[in-house]
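> So that we are looking at the same thing, I have put the structure below in structure tokens.
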Amino acid sequence: MEGMFYAFPSQRRHSLQTTRTWEFIGIEEGLVGQERDRMPSQAKYGEDVIVGVLDSGVWPESKSFADDGMGPIPQRWKGICEEGDAFNSSCCNRKLIGARYYVKDYEAYYGSLNTTYSYRSPRDGDGHGTHTASTVAGRVVQNVSALGGFARGTASGGAPLAHLAIYKVCWPIPGPNPNLENTCFDADMLAAFDDAIGDGVDIISMSIGPTRGPPLYSVDSMSIGSLHATKRGIVVACSGGNEGPDPATVVNLAPWMITVGASSIDRAFDSMVLLGSGKMIEGQTVTPYELKKGEMYPLVYAGDAEIEDTSIHVSGKCLPGSLSAEKARGKVILCFRGAGLRVEKGMEVKRAGGAAIILGNSPGYGNELVVDAHVLPGTAVSSENALEILEYINSTDEPTVMIGKANTVLGIKPAPLVGEFSSRGPNLIEPNIIKPDVTAPGLNILAAWSESSSPSKLDGDRRSVKYNIMYGTSMACPHVSATAALLKVLHPTWSSAAIKSAIMTTATAVNTEGSPITTAALDPAGPMDIGSGHMRPSHAADPGLVYDATYEDYLLFACSSINAQMDDSFRCPNNPPSTFNLNHPSLAVTGLCGAVNVTRTVTNVGQRKARYNVSVVEPNGLKVDIRPNSLTFEEAGEKKSFVITLTADAMGSGGYVSGEYSWNDGLHTVRSPILVSFCDQEVDQPFTL
């Protein structure tokens with residue numbers, strides 16, 4: 001075909017990655033009262049910005065997508081409101097200005113879409129797309145809550161006056177519980193990227209990622225689509241994946257996209273567990289059902305209440321059909337996470353006649369508590385507490401327990417914590433680029449939901465909700481997309497790289513207690529956990545300096561990283577610059593032997609006249625020298641370059657070490673993490689590529 005440059009097989013290799021958050025972000029930034037609203041107000045709450053959301057569609061009747069008080073549809077908008085099942089032009093308005101759906105590649109693989117459990121239209125039958133779209137740009141809606149009244153308050157997207165364009169690219173996987181997991185095909189997503197770019201969006205938010213390891217940039221639809229979006233100044237934010245805390249699990253690895261990890265906020269849903277021994281244990285839940293107040297119930301470990309021949313490998317996990325009604329009836333069942341779905345475990349306890357479920361974390365899940373709207377009374381407890389409950393059960397002939405009513409509690413410390421599920425670095429495709437880039441709230445997030453999908457998305461769950469609590473990097477990504485939308489209003493001439501830089505260099509590695517951010521297991525969080533840190537939108541509005549990059553810079557990067565020509569009009573040079581010399585807001589060098597020189601260039605976007613001095617926190621076993629160590633600017637838009645020399649000490653070998661360097665003018669702190677691994681040998685002289 002004329003105009004064709006490159007072809008690769010479209011694959012079914014992508015999936016979706018799943019009220020208080022904006023207030024918490026303001027608290028973390030040190031803002032009080034009306035100060036928290038200053039930056040969004042100055043950015044006109046995203047007015048006139050168009051955010052494209054590639055996901056599972058939208059539930060247009062949600063109050064989060066009402067258009068009262070919205071400004072006119074921007075004249076540059078060229079999109080459409082595509083009609084289909086239960087969706088017509090009246091579903092669009094000044095908030096939801098366009099909607100399309102892409103199903104050709106899905107149907108080429110699976111056959112015709114089964115419309116008994118999905119809409120052949122932009123309408124969302126899943127809930128995921130509605131949740132992410134309302135998080136990025138949902139209207140301000142008062143007095144909303146999850147099932148049972150949890151997290152009650154005012155819901156709002158980060159850019160509530162931005163316009164939304166919906167591109168439905170993800171569809172149910174046929175089989176049992178088809179809506180439990182969606183899949184998204186390469187060709188469908190590339191078609192959506194094409195349309196979104198042509199329609200005139202300013203931001204693209206994609207809570208989607210590959211399911212079978214990250215593909216090379218040149219054969220990855222998300223990398224290709226986002227590269228072409230970046231060429232046109234469109235900021236693309238993507239979720240980093242939910243395969244943590246194992247290393248090298250992060251996805252969406254191209255440096256031209258913003259890759260987002262997930263962290264907690266300062267809210268919990270406390271439900272106290274009182275053991276018959278008098279021991280009180282803290283649980284969390286959003287289940288709307290309660291046991292009789294003040295009554296002690298018999299308690300049993302699931303492994304002791306199973307039918308015969310249950311495999312030892314899944315014992316205690318409350319898998320479907322595993323519990324004996326005779327042994328479980330009327331009792332509270334202690335089940336452990338793993339080898340099954342959390343809410344489905346509660347359904348099994350209910351099927352067997354159990355009174356309630358205590359869902360304990362397996363050791364791999366640590367202290368992180370994901371809350372669920374179970375179908376019976378229940379609560380979740382940490383791994384440590386679950387083992388303590390099991391020890392109590394084994395210590396007495398008649399163990400008993402009381403589960404208290406759950407309450408929404410604010411001001412939890414420390415916060416944020418890195419989600420255990422949040423995928424970690426290093427970057428498998430190009431280790432000289434740190435991923436994720438930043439983290440944002442992604443644990444137990446309340447947002448709008450599809451009324452055709454139950455809160456658990458399980459077939460046996462017939463409940464319907466307007467708002468639902470979800471977790472995942474999918475929930476974190478739209479927080480960054482909303483921040484990018486606000487920055488687009490404040491700085492309409494900034495490139496996508498400049499906006500990404502502002503978000504990254506103003507992120508914080510410190511929690512609300514003033515201590516370093518930790519994981520849910522309370523281990524120190526480093527660049528492979530949080531990238532540059534937890535995002536701070538108000539700080540990003542005035543970053544002082546930015547690290548800018550062009551489309552051509554990214555093409556050169558691809559030449560060097562994967563030896564791929566990603567634009568037919570741009571031929572790779574014989575010796576492209578090293579990947580660590582991409583003008584990126586963070587710095588990573590792998591396999592360092594001896595010393596290396598790295599060049600960076602910053603652009604002054606702050607005060608017209610400014611003088612910045614550098615400070616360095618050196619990684620263990622590494623000397624860091626930055627020349628010049630002071631940068632003086634006379635004009636806004638002025639650029640200055642500097643050279644970072646990294647020198648491995650004789651002690652440095654194996655593993656990764658991290659530190660940071662910062663430029664400070666007394667008003668702005670422009671911080672960049674440093675991540676280095678060493679080789680086993682040294683060279684005498686620095687080298688520059």
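By order in the structure tokens, chains are A, B, ...; within a chain, residues start at 1; ligands start at 1, following the order shown.
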Excluding Ser641 of chain A and any residue of its chain fewer than 4 positions from it, enumerate the residues within 9 Å of it, using only C-alpha atoms, and give them as a list in words.

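Here the qualifying residues turn out to be Thr599, Arg600, Thr601, Val602, Thr603, Pro628 and Leu631 of chain A.
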
> Let's have the selection written as a compact mmCIF listing (two decimals), in the first residue's frame, with all heavy atoms.


# COMPACT_ATOMS: atom_id res chain seq x y z
N THR A 599 25.54 14.14 29.21
CA THR A 599 25.18 15.54 28.97
C THR A 599 23.68 15.75 29.14
O THR A 599 22.87 14.92 28.71
CB THR A 599 25.59 15.97 27.55
OG1 THR A 599 27.01 15.81 27.40
CG2 THR A 599 25.21 17.42 27.28
N ARG A 600 23.32 16.84 29.78
CA ARG A 600 21.92 17.25 29.92
C ARG A 600 21.81 18.74 29.58
O ARG A 600 22.75 19.51 29.76
CB ARG A 600 21.40 17.00 31.34
CG ARG A 600 21.20 15.54 31.70
CD ARG A 600 20.00 14.97 30.96
NE ARG A 600 19.66 13.63 31.44
CZ ARG A 600 20.12 12.50 30.92
NH1 ARG A 600 20.99 12.56 29.91
NH2 ARG A 600 19.73 11.33 31.38
N THR A 601 20.62 19.12 29.11
CA THR A 601 20.32 20.52 28.79
C THR A 601 18.99 20.90 29.44
O THR A 601 18.01 20.17 29.31
CB THR A 601 20.23 20.75 27.28
OG1 THR A 601 21.48 20.40 26.67
CG2 THR A 601 19.91 22.21 26.96
N VAL A 602 18.98 22.03 30.15
CA VAL A 602 17.75 22.50 30.78
C VAL A 602 17.33 23.82 30.15
O VAL A 602 18.15 24.60 29.67
CB VAL A 602 17.92 22.68 32.30
CG1 VAL A 602 18.01 21.33 32.99
CG2 VAL A 602 19.15 23.52 32.64
N THR A 603 16.02 24.05 30.15
CA THR A 603 15.44 25.28 29.63
C THR A 603 14.80 26.05 30.77
O THR A 603 14.04 25.48 31.57
CB THR A 603 14.37 24.98 28.56
OG1 THR A 603 14.95 24.18 27.52
CG2 THR A 603 13.80 26.26 27.97
N PRO A 628 29.15 22.79 34.51
CA PRO A 628 29.38 23.66 35.66
C PRO A 628 28.41 23.33 36.80
O PRO A 628 27.37 22.71 36.57
CB PRO A 628 29.10 25.06 35.10
CG PRO A 628 28.11 24.82 34.01
CD PRO A 628 28.50 23.52 33.38
N LEU A 631 24.33 27.50 37.16
CA LEU A 631 23.77 27.92 35.87
C LEU A 631 23.09 29.26 36.04
O LEU A 631 22.23 29.42 36.92
CB LEU A 631 22.75 26.89 35.36
CG LEU A 631 23.25 25.45 35.14
CD1 LEU A 631 22.09 24.54 34.77
CD2 LEU A 631 24.32 25.41 34.06

> Extract, using only C-alpha atoms, all DNA, RNA and protein residues at most 7 Å from segment 364-381 of chain A, discarding same-chain residues fewer than 6 positions from it, and format them as a PDB file with N, CA and C atoms, in the first residue's frame.


ATOM      1  N   SER A 271     -12.053  -1.725  60.032  1.00  0.00           N
ATOM      2  CA  SER A 271     -13.025  -2.678  60.569  1.00  0.00           C
ATOM      3  C   SER A 271     -12.277  -3.550  61.575  1.00  0.00           C
ATOM      4  N   GLU A 282      -6.565  -4.948  63.421  1.00  0.00           N
ATOM      5  CA  GLU A 282      -7.123  -3.982  62.488  1.00  0.00           C
ATOM      6  C   GLU A 282      -7.361  -4.614  61.123  1.00  0.00           C
ATOM      7  N   GLY A 283      -8.592  -4.502  60.648  1.00  0.00           N
ATOM      8  CA  GLY A 283      -8.934  -4.936  59.301  1.00  0.00           C
ATOM      9  C   GLY A 283      -9.438  -3.762  58.494  1.00  0.00           C
ATOM     10  N   GLN A 284      -9.670  -4.001  57.204  1.00  0.00           N
ATOM     11  CA  GLN A 284     -10.263  -2.980  56.346  1.00  0.00           C
ATOM     12  C   GLN A 284     -11.272  -3.633  55.409  1.00  0.00           C
ATOM     13  N   THR A 285     -12.382  -2.928  55.153  1.00  0.00           N
ATOM     14  CA  THR A 285     -13.399  -3.464  54.260  1.00  0.00           C
ATOM     15  C   THR A 285     -14.313  -2.354  53.767  1.00  0.00           C
ATOM     16  N   VAL A 286     -14.963  -2.588  52.640  1.00  0.00           N
ATOM     17  CA  VAL A 286     -16.060  -1.736  52.176  1.00  0.00           C
ATOM     18  C   VAL A 286     -17.283  -2.597  51.882  1.00  0.00           C
ATOM     19  N   THR A 287     -17.357  -3.757  52.504  1.00  0.00           N
ATOM     20  CA  THR A 287     -18.546  -4.580  52.329  1.00  0.00           C
ATOM     21  C   THR A 287     -19.706  -3.931  53.081  1.00  0.00           C
ATOM     22  N   PRO A 288     -20.888  -3.868  52.482  1.00  0.00           N
ATOM     23  CA  PRO A 288     -22.013  -3.171  53.126  1.00  0.00           C
ATOM     24  C   PRO A 288     -22.759  -4.014  54.152  1.00  0.00           C
ATOM     25  N   TYR A 289     -22.323  -5.246  54.393  1.00  0.00           N
ATOM     26  CA  TYR A 289     -23.048  -6.149  55.286  1.00  0.00           C
ATOM     27  C   TYR A 289     -22.315  -6.274  56.613  1.00  0.00           C
ATOM     28  N   GLU A 290     -23.089  -6.507  57.690  1.00  0.00           N
ATOM     29  CA  GLU A 290     -22.512  -6.578  59.024  1.00  0.00           C
ATOM     30  C   GLU A 290     -23.014  -7.811  59.770  1.00  0.00           C
ATOM     31  N   LEU A 291     -22.178  -8.315  60.668  1.00  0.00           N
ATOM     32  CA  LEU A 291     -22.616  -9.342  61.605  1.00  0.00           C
ATOM     33  C   LEU A 291     -23.416  -8.680  62.728  1.00  0.00           C
ATOM     34  N   VAL A 343     -13.128 -11.406  45.783  1.00  0.00           N
ATOM     35  CA  VAL A 343     -14.574 -11.409  46.025  1.00  0.00           C
ATOM     36  C   VAL A 343     -15.152 -12.801  45.803  1.00  0.00           C
ATOM     37  N   GLY A 346     -15.181 -14.763  48.920  1.00  0.00           N
ATOM     38  CA  GLY A 346     -16.336 -14.453  49.752  1.00  0.00           C
ATOM     39  C   GLY A 346     -17.594 -15.140  49.256  1.00  0.00           C
ATOM     40  N   MET A 347     -17.761 -15.228  47.945  1.00  0.00           N
ATOM     41  CA  MET A 347     -18.918 -15.923  47.373  1.00  0.00           C
ATOM     42  C   MET A 347     -18.897 -17.403  47.737  1.00  0.00           C
ATOM     43  N   LYS A 350     -20.031 -17.726  51.331  1.00  0.00           N
ATOM     44  CA  LYS A 350     -21.488 -17.573  51.387  1.00  0.00           C
ATOM     45  C   LYS A 350     -22.189 -18.824  50.875  1.00  0.00           C
ATOM     46  N   ALA A 356     -19.266 -15.077  57.669  1.00  0.00           N
ATOM     47  CA  ALA A 356     -18.431 -13.950  57.241  1.00  0.00           C
ATOM     48  C   ALA A 356     -17.080 -14.482  56.794  1.00  0.00           C
ATOM     49  N   ILE A 357     -16.312 -13.605  56.138  1.00  0.00           N
ATOM     50  CA  ILE A 357     -14.972 -13.960  55.689  1.00  0.00           C
ATOM     51  C   ILE A 357     -13.954 -12.992  56.273  1.00  0.00           C
ATOM     52  N   ILE A 358     -12.852 -13.521  56.737  1.00  0.00           N
ATOM     53  CA  ILE A 358     -11.657 -12.714  57.019  1.00  0.00           C
ATOM     54  C   ILE A 358     -10.644 -13.093  55.948  1.00  0.00           C
ATOM     55  N   GLU A 420       2.030  -2.554  46.698  1.00  0.00           N
ATOM     56  CA  GLU A 420       2.783  -3.782  46.483  1.00  0.00           C
ATOM     57  C   GLU A 420       2.563  -4.316  45.071  1.00  0.00           C
ATOM     58  N   ASN A 444      -7.440   1.780  46.240  1.00  0.00           N
ATOM     59  CA  ASN A 444      -8.776   2.021  46.798  1.00  0.00           C
ATOM     60  C   ASN A 444      -9.314   3.396  46.396  1.00  0.00           C
ATOM     61  N   PRO A 455     -20.159  -4.325  41.245  1.00  0.00           N
ATOM     62  CA  PRO A 455     -18.912  -3.808  41.837  1.00  0.00           C
ATOM     63  C   PRO A 455     -17.769  -4.808  41.808  1.00  0.00           C
ATOM     64  N   ALA A 520       4.679  -0.771  50.851  1.00  0.00           N
ATOM     65  CA  ALA A 520       3.690  -1.212  51.827  1.00  0.00           C
ATOM     66  C   ALA A 520       4.324  -2.089  52.890  1.00  0.00           C
ATOM     67  N   ALA A 521       5.447  -2.732  52.560  1.00  0.00           N
ATOM     68  CA  ALA A 521       6.184  -3.537  53.531  1.00  0.00           C
ATOM     69  C   ALA A 521       7.113  -2.683  54.388  1.00  0.00           C
TER      70      ALA A 521
END

> Hey, can you check how far atom CA of Gly419 of chain A sits from atom CA of Ala262 of chain A?

5.6 Å

> Name the residues of segment 503-561 of chain A that come out as helix (DSSP H, G or I) in a backbone DSSP run; write them as a PyMOL selection string.

chain A and resi 503-505+527-530+537-540+551-561

> How would the residues just picked look written out with N, CA and C atoms as an mmCIF file, in the first residue's frame?


data_model
loop_
_atom_site.group_PDB
_atom_site.id
_atom_site.type_symbol
_atom_site.label_atom_id
_atom_site.label_comp_id
_atom_site.auth_asym_id
_atom_site.auth_seq_id
_atom_site.Cartn_x
_atom_site.Cartn_y
_atom_site.Cartn_z
ATOM 1 N N ILE A 503 6.370 17.402 35.573
ATOM 2 C CA ILE A 503 5.740 16.451 36.491
ATOM 3 C C ILE A 503 6.804 15.632 37.220
ATOM 4 N N MET A 504 7.851 15.227 36.497
ATOM 5 C CA MET A 504 8.873 14.369 37.088
ATOM 6 C C MET A 504 9.797 15.118 38.047
ATOM 7 N N THR A 505 10.303 16.282 37.641
ATOM 8 C CA THR A 505 11.323 16.955 38.459
ATOM 9 C C THR A 505 10.742 17.614 39.699
ATOM 10 N N PRO A 527 14.196 4.555 43.020
ATOM 11 C CA PRO A 527 13.747 4.902 41.666
ATOM 12 C C PRO A 527 13.061 3.760 40.923
ATOM 13 N N MET A 528 13.415 2.507 41.212
ATOM 14 C CA MET A 528 12.746 1.408 40.513
ATOM 15 C C MET A 528 11.363 1.130 41.081
ATOM 16 N N ASP A 529 11.036 1.752 42.212
ATOM 17 C CA ASP A 529 9.701 1.651 42.788
ATOM 18 C C ASP A 529 8.833 2.846 42.423
ATOM 19 N N ILE A 530 9.419 4.052 42.521
ATOM 20 C CA ILE A 530 8.629 5.279 42.381
ATOM 21 C C ILE A 530 9.133 6.199 41.278
ATOM 22 N N PRO A 537 1.054 18.205 41.525
ATOM 23 C CA PRO A 537 0.583 19.058 40.426
ATOM 24 C C PRO A 537 0.873 20.541 40.613
ATOM 25 N N SER A 538 0.660 21.075 41.819
ATOM 26 C CA SER A 538 0.877 22.516 42.014
ATOM 27 C C SER A 538 2.342 22.889 41.830
ATOM 28 N N HIS A 539 3.243 22.027 42.274
ATOM 29 C CA HIS A 539 4.666 22.274 42.047
ATOM 30 C C HIS A 539 5.007 22.168 40.559
ATOM 31 N N ALA A 540 4.359 21.220 39.863
ATOM 32 C CA ALA A 540 4.642 21.030 38.436
ATOM 33 C C ALA A 540 4.240 22.245 37.614
ATOM 34 N N TYR A 551 10.893 15.227 18.771
ATOM 35 C CA TYR A 551 10.546 13.981 18.078
ATOM 36 C C TYR A 551 11.794 13.338 17.494
ATOM 37 N N GLU A 552 12.672 14.151 16.928
ATOM 38 C CA GLU A 552 13.912 13.626 16.355
ATOM 39 C C GLU A 552 14.814 13.020 17.434
ATOM 40 N N ASP A 553 14.830 13.634 18.613
ATOM 41 C CA ASP A 553 15.600 13.063 19.729
ATOM 42 C C ASP A 553 15.123 11.649 20.050
ATOM 43 N N TYR A 554 13.821 11.459 20.024
ATOM 44 C CA TYR A 554 13.271 10.142 20.332
ATOM 45 C C TYR A 554 13.565 9.134 19.218
ATOM 46 N N LEU A 555 13.571 9.601 17.982
ATOM 47 C CA LEU A 555 13.931 8.700 16.883
ATOM 48 C C LEU A 555 15.392 8.260 17.013
ATOM 49 N N LEU A 556 16.264 9.179 17.378
ATOM 50 C CA LEU A 556 17.672 8.825 17.607
ATOM 51 C C LEU A 556 17.800 7.840 18.762
ATOM 52 N N PHE A 557 17.003 8.049 19.791
ATOM 53 C CA PHE A 557 17.011 7.134 20.929
ATOM 54 C C PHE A 557 16.647 5.719 20.479
ATOM 55 N N ALA A 558 15.606 5.594 19.655
ATOM 56 C CA ALA A 558 15.196 4.271 19.166
ATOM 57 C C ALA A 558 16.295 3.640 18.320
ATOM 58 N N CYS A 559 16.985 4.465 17.535
ATOM 59 C CA CYS A 559 18.108 3.946 16.744
ATOM 60 C C CYS A 559 19.166 3.328 17.660
ATOM 61 N N SER A 560 19.465 4.014 18.739
ATOM 62 C CA SER A 560 20.508 3.558 19.652
ATOM 63 C C SER A 560 20.045 2.399 20.527
ATOM 64 N N SER A 561 18.801 2.468 20.979
ATOM 65 C CA SER A 561 18.307 1.483 21.947
ATOM 66 C C SER A 561 18.013 0.132 21.314
#

> Please provide as a VMD selection string all residues within 6 Å of segment 458-475 of chain A, with the sequence filter that same-chain residues fewer than 5 positions apart are discarded (counting only C-alpha atoms).

chain A and resid 17 to 18 146 177 207 239 241 261 to 262 442 to 449 451

> Dump all heavy atoms for the selected residues as a tab-separated table (two decimals), in the first residue's frame?


chain	number	residue	atom	x	y	z
A	17	GLN	N	-5.37	-2.15	33.24
A	17	GLN	CA	-4.56	-2.32	34.45
A	17	GLN	C	-5.31	-1.62	35.62
A	17	GLN	O	-5.59	-0.44	35.50
A	17	GLN	CB	-3.22	-1.67	34.18
A	17	GLN	CG	-2.68	-2.22	32.85
A	17	GLN	CD	-1.24	-2.42	32.74
A	17	GLN	OE1	-0.51	-1.50	32.53
A	17	GLN	NE2	-0.80	-3.64	32.88
A	18	THR	N	-6.14	-2.19	36.49
A	18	THR	CA	-7.09	-1.58	37.53
A	18	THR	C	-6.35	-1.49	38.77
A	18	THR	O	-5.68	-2.22	39.05
A	18	THR	CB	-8.15	-2.32	37.67
A	18	THR	OG1	-8.28	-1.88	36.86
A	18	THR	CG2	-8.92	-2.88	37.83
A	146	ALA	N	-19.28	4.74	47.64
A	146	ALA	CA	-19.30	3.37	47.17
A	146	ALA	C	-20.47	2.64	47.81
A	146	ALA	O	-21.18	3.18	48.67
A	146	ALA	CB	-17.99	2.68	47.51
A	177	ASN	N	-17.24	-15.58	33.39
A	177	ASN	CA	-16.99	-14.21	33.84
A	177	ASN	C	-16.29	-13.38	32.77
A	177	ASN	O	-15.20	-12.85	32.97
A	177	ASN	CB	-16.13	-14.21	35.11
A	177	ASN	CG	-16.87	-14.74	36.33
A	177	ASN	OD1	-17.97	-14.30	36.62
A	177	ASN	ND2	-16.27	-15.70	37.01
A	207	SER	N	-4.91	3.49	30.44
A	207	SER	CA	-4.67	2.57	31.55
A	207	SER	C	-4.66	1.14	31.02
A	207	SER	O	-5.48	0.29	31.40
A	207	SER	CB	-5.75	2.77	32.62
A	207	SER	OG	-5.62	4.03	33.23
A	239	SER	N	-0.41	3.44	32.27
A	239	SER	CA	-0.21	2.71	33.52
A	239	SER	C	1.03	1.83	33.42
A	239	SER	O	1.38	1.33	32.35
A	239	SER	CB	-1.44	1.87	33.84
A	239	SER	OG	-1.80	1.07	32.73
A	241	GLY	N	1.58	-1.10	35.12
A	241	GLY	CA	1.36	-2.52	35.33
A	241	GLY	C	1.17	-2.89	36.79
A	241	GLY	O	1.58	-2.16	37.70
A	261	GLY	N	3.28	4.58	38.19
A	261	GLY	CA	3.11	3.58	39.24
A	261	GLY	C	2.02	4.01	40.20
A	261	GLY	O	1.52	5.13	40.13
A	262	ALA	N	1.67	3.12	41.13
A	262	ALA	CA	0.54	3.38	42.02
A	262	ALA	C	0.98	3.46	43.47
A	262	ALA	O	1.85	2.71	43.92
A	262	ALA	CB	-0.53	2.30	41.87
A	442	GLY	N	-3.39	5.23	43.53
A	442	GLY	CA	-3.96	4.11	42.78
A	442	GLY	C	-4.51	3.00	43.65
A	442	GLY	O	-4.87	1.94	43.14
A	443	LEU	N	-4.58	3.21	44.97
A	443	LEU	CA	-5.07	2.18	45.88
A	443	LEU	C	-6.41	2.60	46.46
A	443	LEU	O	-6.52	3.66	47.09
A	443	LEU	CB	-4.06	1.93	47.00
A	443	LEU	CG	-4.46	0.90	48.05
A	443	LEU	CD1	-4.56	-0.49	47.43
A	443	LEU	CD2	-3.46	0.88	49.21
A	444	ASN	N	-7.44	1.78	46.24
A	444	ASN	CA	-8.78	2.02	46.80
A	444	ASN	C	-9.31	3.40	46.40
A	444	ASN	O	-9.61	4.26	47.23
A	444	ASN	CB	-8.76	1.87	48.32
A	444	ASN	CG	-8.33	0.48	48.75
A	444	ASN	OD1	-8.52	-0.49	48.01
A	444	ASN	ND2	-7.76	0.36	49.93
A	445	ILE	N	-9.44	3.60	45.08
A	445	ILE	CA	-9.87	4.88	44.51
A	445	ILE	C	-11.35	4.81	44.12
A	445	ILE	O	-11.79	3.89	43.42
A	445	ILE	CB	-9.03	5.23	43.27
A	445	ILE	CG1	-7.52	5.22	43.62
A	445	ILE	CG2	-9.44	6.58	42.71
A	445	ILE	CD1	-7.11	6.16	44.71
A	446	LEU	N	-12.12	5.79	44.57
A	446	LEU	CA	-13.55	5.87	44.24
A	446	LEU	C	-13.75	6.72	43.00
A	446	LEU	O	-13.24	7.83	42.91
A	446	LEU	CB	-14.32	6.48	45.41
A	446	LEU	CG	-15.83	6.64	45.19
A	446	LEU	CD1	-16.52	5.29	45.21
A	446	LEU	CD2	-16.44	7.56	46.25
A	447	ALA	N	-14.51	6.20	42.04
A	447	ALA	CA	-14.84	6.95	40.82
A	447	ALA	C	-16.09	6.35	40.20
A	447	ALA	O	-16.62	5.33	40.66
A	447	ALA	CB	-13.67	6.94	39.84
A	448	ALA	N	-16.57	6.98	39.12
A	448	ALA	CA	-17.82	6.56	38.48
A	448	ALA	C	-17.69	5.15	37.92
A	448	ALA	O	-16.59	4.67	37.64
A	448	ALA	CB	-18.20	7.55	37.38
A	449	TRP	N	-18.82	4.49	37.71
A	449	TRP	CA	-18.85	3.09	37.33
A	449	TRP	C	-19.98	2.83	36.35
A	449	TRP	O	-20.97	3.57	36.30
A	449	TRP	CB	-19.04	2.23	38.58
A	449	TRP	CG	-18.73	0.77	38.43
A	449	TRP	CD1	-19.61	-0.27	38.49
A	449	TRP	CD2	-17.45	0.18	38.21
A	449	TRP	NE1	-18.96	-1.47	38.32
A	449	TRP	CE2	-17.63	-1.22	38.16
A	449	TRP	CE3	-16.17	0.69	38.05
A	449	TRP	CZ2	-16.57	-2.12	37.94
A	449	TRP	CZ3	-15.12	-0.19	37.85
A	449	TRP	CH2	-15.33	-1.57	37.79
A	451	GLU	N	-23.24	1.11	35.23
A	451	GLU	CA	-24.36	0.52	35.96
A	451	GLU	C	-24.75	-0.85	35.43
A	451	GLU	O	-25.61	-1.53	36.02
A	451	GLU	CB	-25.55	1.47	35.93
A	451	GLU	CG	-25.31	2.74	36.73
A	451	GLU	CD	-26.53	3.63	36.79
A	451	GLU	OE1	-27.64	3.11	37.03
A	451	GLU	OE2	-26.37	4.85	36.59

> Could you pull the residues within 12 Å of Asp665 of chain A, counting only C-alpha atoms, minus those fewer than 3 positions along the same chain, as a list in words?

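Answer for this query is Pro543, Gly544, Leu545, Asn604, Gly606, Gln607, Lys609, Ala610, Arg611, Tyr612, Asn613, Val614, Ser615, Ser630, Leu631, Thr632, Phe633, Ser662, His668, Thr669 and Val670 of chain A.
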
> Pick from A:Ala196, A:Val201, A:Ala162, A:Ile224: nearest to Gln565 of chain A, with only C-alpha atoms counted?

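So, comparing all the options, the nearest one is A:Ile224.
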
> Would you list the contacts of segment 213-221 of chain A as a PyMOL selection string, taking every protein, DNA or RNA residue within 9 Å and counting only C-alpha atoms, but skipping same-chain residues closer than 2 positions in sequence?

chain A and resi 7-10+13+185-187+189-190+209-211+223-226+249-254+428-429+558+562+564-566

> For segment 406-517 of chain A versus segment 571-588 of chain A, which residues have an atom no more than 9 Å away, and what is each residue's nearest atom pair and distance in Å rounded to one decimal, using only C-alpha atoms, chain-then-number order, as CSV?


residue,atom,partner,partner_atom,distance
A:Glu430,CA,A:Thr579,CA,8.0
A:Pro431,CA,A:Ala588,CA,7.2
A:Asn432,CA,A:Ala588,CA,4.7
A:Ile433,CA,A:Ala588,CA,5.8
A:Ile434,CA,A:Ala588,CA,6.2
A:Asp437,CA,A:Ser586,CA,8.3
A:Ala497,CA,A:His584,CA,8.6
A:Lys500,CA,A:Pro585,CA,8.3
A:Ser501,CA,A:Pro585,CA,5.6
A:Ala502,CA,A:Pro585,CA,8.7
A:Met504,CA,A:Pro585,CA,6.7
A:Thr505,CA,A:Pro585,CA,6.5

> Neighbours of Leu274 of chain A within 8 Å (only C-alpha atoms; same-chain residues fewer than 5 positions away dropped), as an mmCIF file with N, CA, C and O atoms, in the first residue's frame?


data_model
loop_
_atom_site.group_PDB
_atom_site.id
_atom_site.type_symbol
_atom_site.label_atom_id
_atom_site.label_comp_id
_atom_site.auth_asym_id
_atom_site.auth_seq_id
_atom_site.Cartn_x
_atom_site.Cartn_y
_atom_site.Cartn_z
ATOM 1 N N LYS A 279 -7.561 -10.202 71.911
ATOM 2 C CA LYS A 279 -6.668 -9.491 71.004
ATOM 3 C C LYS A 279 -7.456 -8.734 69.950
ATOM 4 O O LYS A 279 -8.352 -9.285 69.307
ATOM 5 N N MET A 280 -7.138 -7.443 69.765
ATOM 6 C CA MET A 280 -7.782 -6.618 68.754
ATOM 7 C C MET A 280 -6.865 -6.499 67.543
ATOM 8 O O MET A 280 -5.673 -6.190 67.678
ATOM 9 N N ILE A 281 -7.422 -6.730 66.358
ATOM 10 C CA ILE A 281 -6.650 -6.680 65.113
ATOM 11 C C ILE A 281 -7.349 -5.744 64.139
ATOM 12 O O ILE A 281 -8.576 -5.750 64.023
ATOM 13 N N VAL A 401 -14.703 -14.992 67.240
ATOM 14 C CA VAL A 401 -14.294 -13.700 66.703
ATOM 15 C C VAL A 401 -15.496 -12.777 66.572
ATOM 16 O O VAL A 401 -16.636 -13.239 66.401
ATOM 17 N N MET A 402 -15.257 -11.489 66.668
ATOM 18 C CA MET A 402 -16.249 -10.460 66.383
ATOM 19 C C MET A 402 -15.650 -9.518 65.347
ATOM 20 O O MET A 402 -14.488 -9.115 65.462
ATOM 21 N N ILE A 403 -16.424 -9.165 64.316
ATOM 22 C CA ILE A 403 -15.972 -8.214 63.289
ATOM 23 C C ILE A 403 -16.792 -6.942 63.440
ATOM 24 O O ILE A 403 -18.022 -6.968 63.335
ATOM 25 N N GLY A 404 -16.121 -5.833 63.701
ATOM 26 C CA GLY A 404 -16.802 -4.572 63.933
ATOM 27 C C GLY A 404 -17.240 -3.886 62.651
ATOM 28 O O GLY A 404 -16.798 -4.206 61.549
#
